[in-house]
Amino acid sequence: MAKEYSRTQRVADQMQRELALLIQREVRDPRLGMVTVTAVEVSRDLAHAKVFVTLMNKDSAEDIALNLEILKDSAGYLRMLLGRSMKLRSIPALHFHYDESVRRGAHLSSLIERAVAEDGQHPDDKED
């Protein structure tokens with residue numbers, strides 16, 4: 001039998017949708033790049049939430065650190081806005097983390113494409 005869809009998972013999914021909109025519309029810092037919320041993990045007691053984000057077109061360590069700092073500074077404001085939009089008794093504290101999985105996936109895809117291209121350049125070795 002399938003595992004039930006837990007309350008913490010439902011809260012995390014709703015927070016992910018809400019934060020994606022709030023970051024785009026409400027955070028007015030011009031230094032903030034194109035941020036995508038890839039996942040949210042909420043603790044069982046709903047006290048803390050890890051928010052995983054990626055940046056579009058900005059992969060340098062300085063850009064990542066700057067954007068995470070901006071999000072950290074606006075965490076209280078975002079939490080207040082979440083409180084208005086979500087029907088929860090208490091809103092979890094937001095902790096922003098950079099999600100390496102997208103960059104890692106793109107790197108692995110490029111390695112696979114390069115290996116396939118190199119394999120196609122070699123003449124077929126047919127053994128008789």
# chains A, B, ... in the order shown; residues from 1 in each chain; ligands from 1
>>> closest_atom_pairs(of="stretch 43-87 of chain A", to="stretch 101-121 of chain A", cutoff="10 Å", atoms="only C-alpha atoms", output="Markdown table")
| residue | atom | partner | partner_atom | distance |
| --- | --- | --- | --- | --- |
| A:Val53 | CA | A:Val102 | CA | 9.9 |
| A:Thr54 | CA | A:Val102 | CA | 7.5 |
| A:Leu55 | CA | A:Val102 | CA | 9.6 |
| A:Asp59 | CA | A:Arg103 | CA | 8.3 |
>>> write_last_selection(atoms="C-alpha atoms", output="tab-separated table (two decimals), in the first residue's frame")
chain	number	residue	atom	x	y	z
A	53	VAL	CA	16.51	27.58	-4.75
A	54	THR	CA	18.38	27.75	-8.04
A	55	LEU	CA	19.43	30.77	-10.08
A	59	ASP	CA	26.35	30.11	-11.54
>>> select_by_dssp(residues="chain A", states="alpha helix (DSSP H)", output="count of residues only")
65
>>> select_by_dssp(residues="stretch 15-125 of chain A", states="strand (DSSP E)", output="list in words")
Val35, Thr36, Val37, Thr38, Ala39, Val40, Glu41, Val42, His48, Ala49, Lys50, Val51, Phe52, Val53, Thr54, Leu55, Ala93, Leu94, His95, Phe96, His97 and Tyr98 of chain A
>>> atom_distance(atom1="atom CA of A:Thr36", atom2="atom CA of A:Tyr98")
10.1 Å
>>> closest_residue(among="A:Leu46, A:Asp13, A:Val37, A:Leu71", to="A:Leu88", atoms="only C-alpha atoms")
A:Leu46
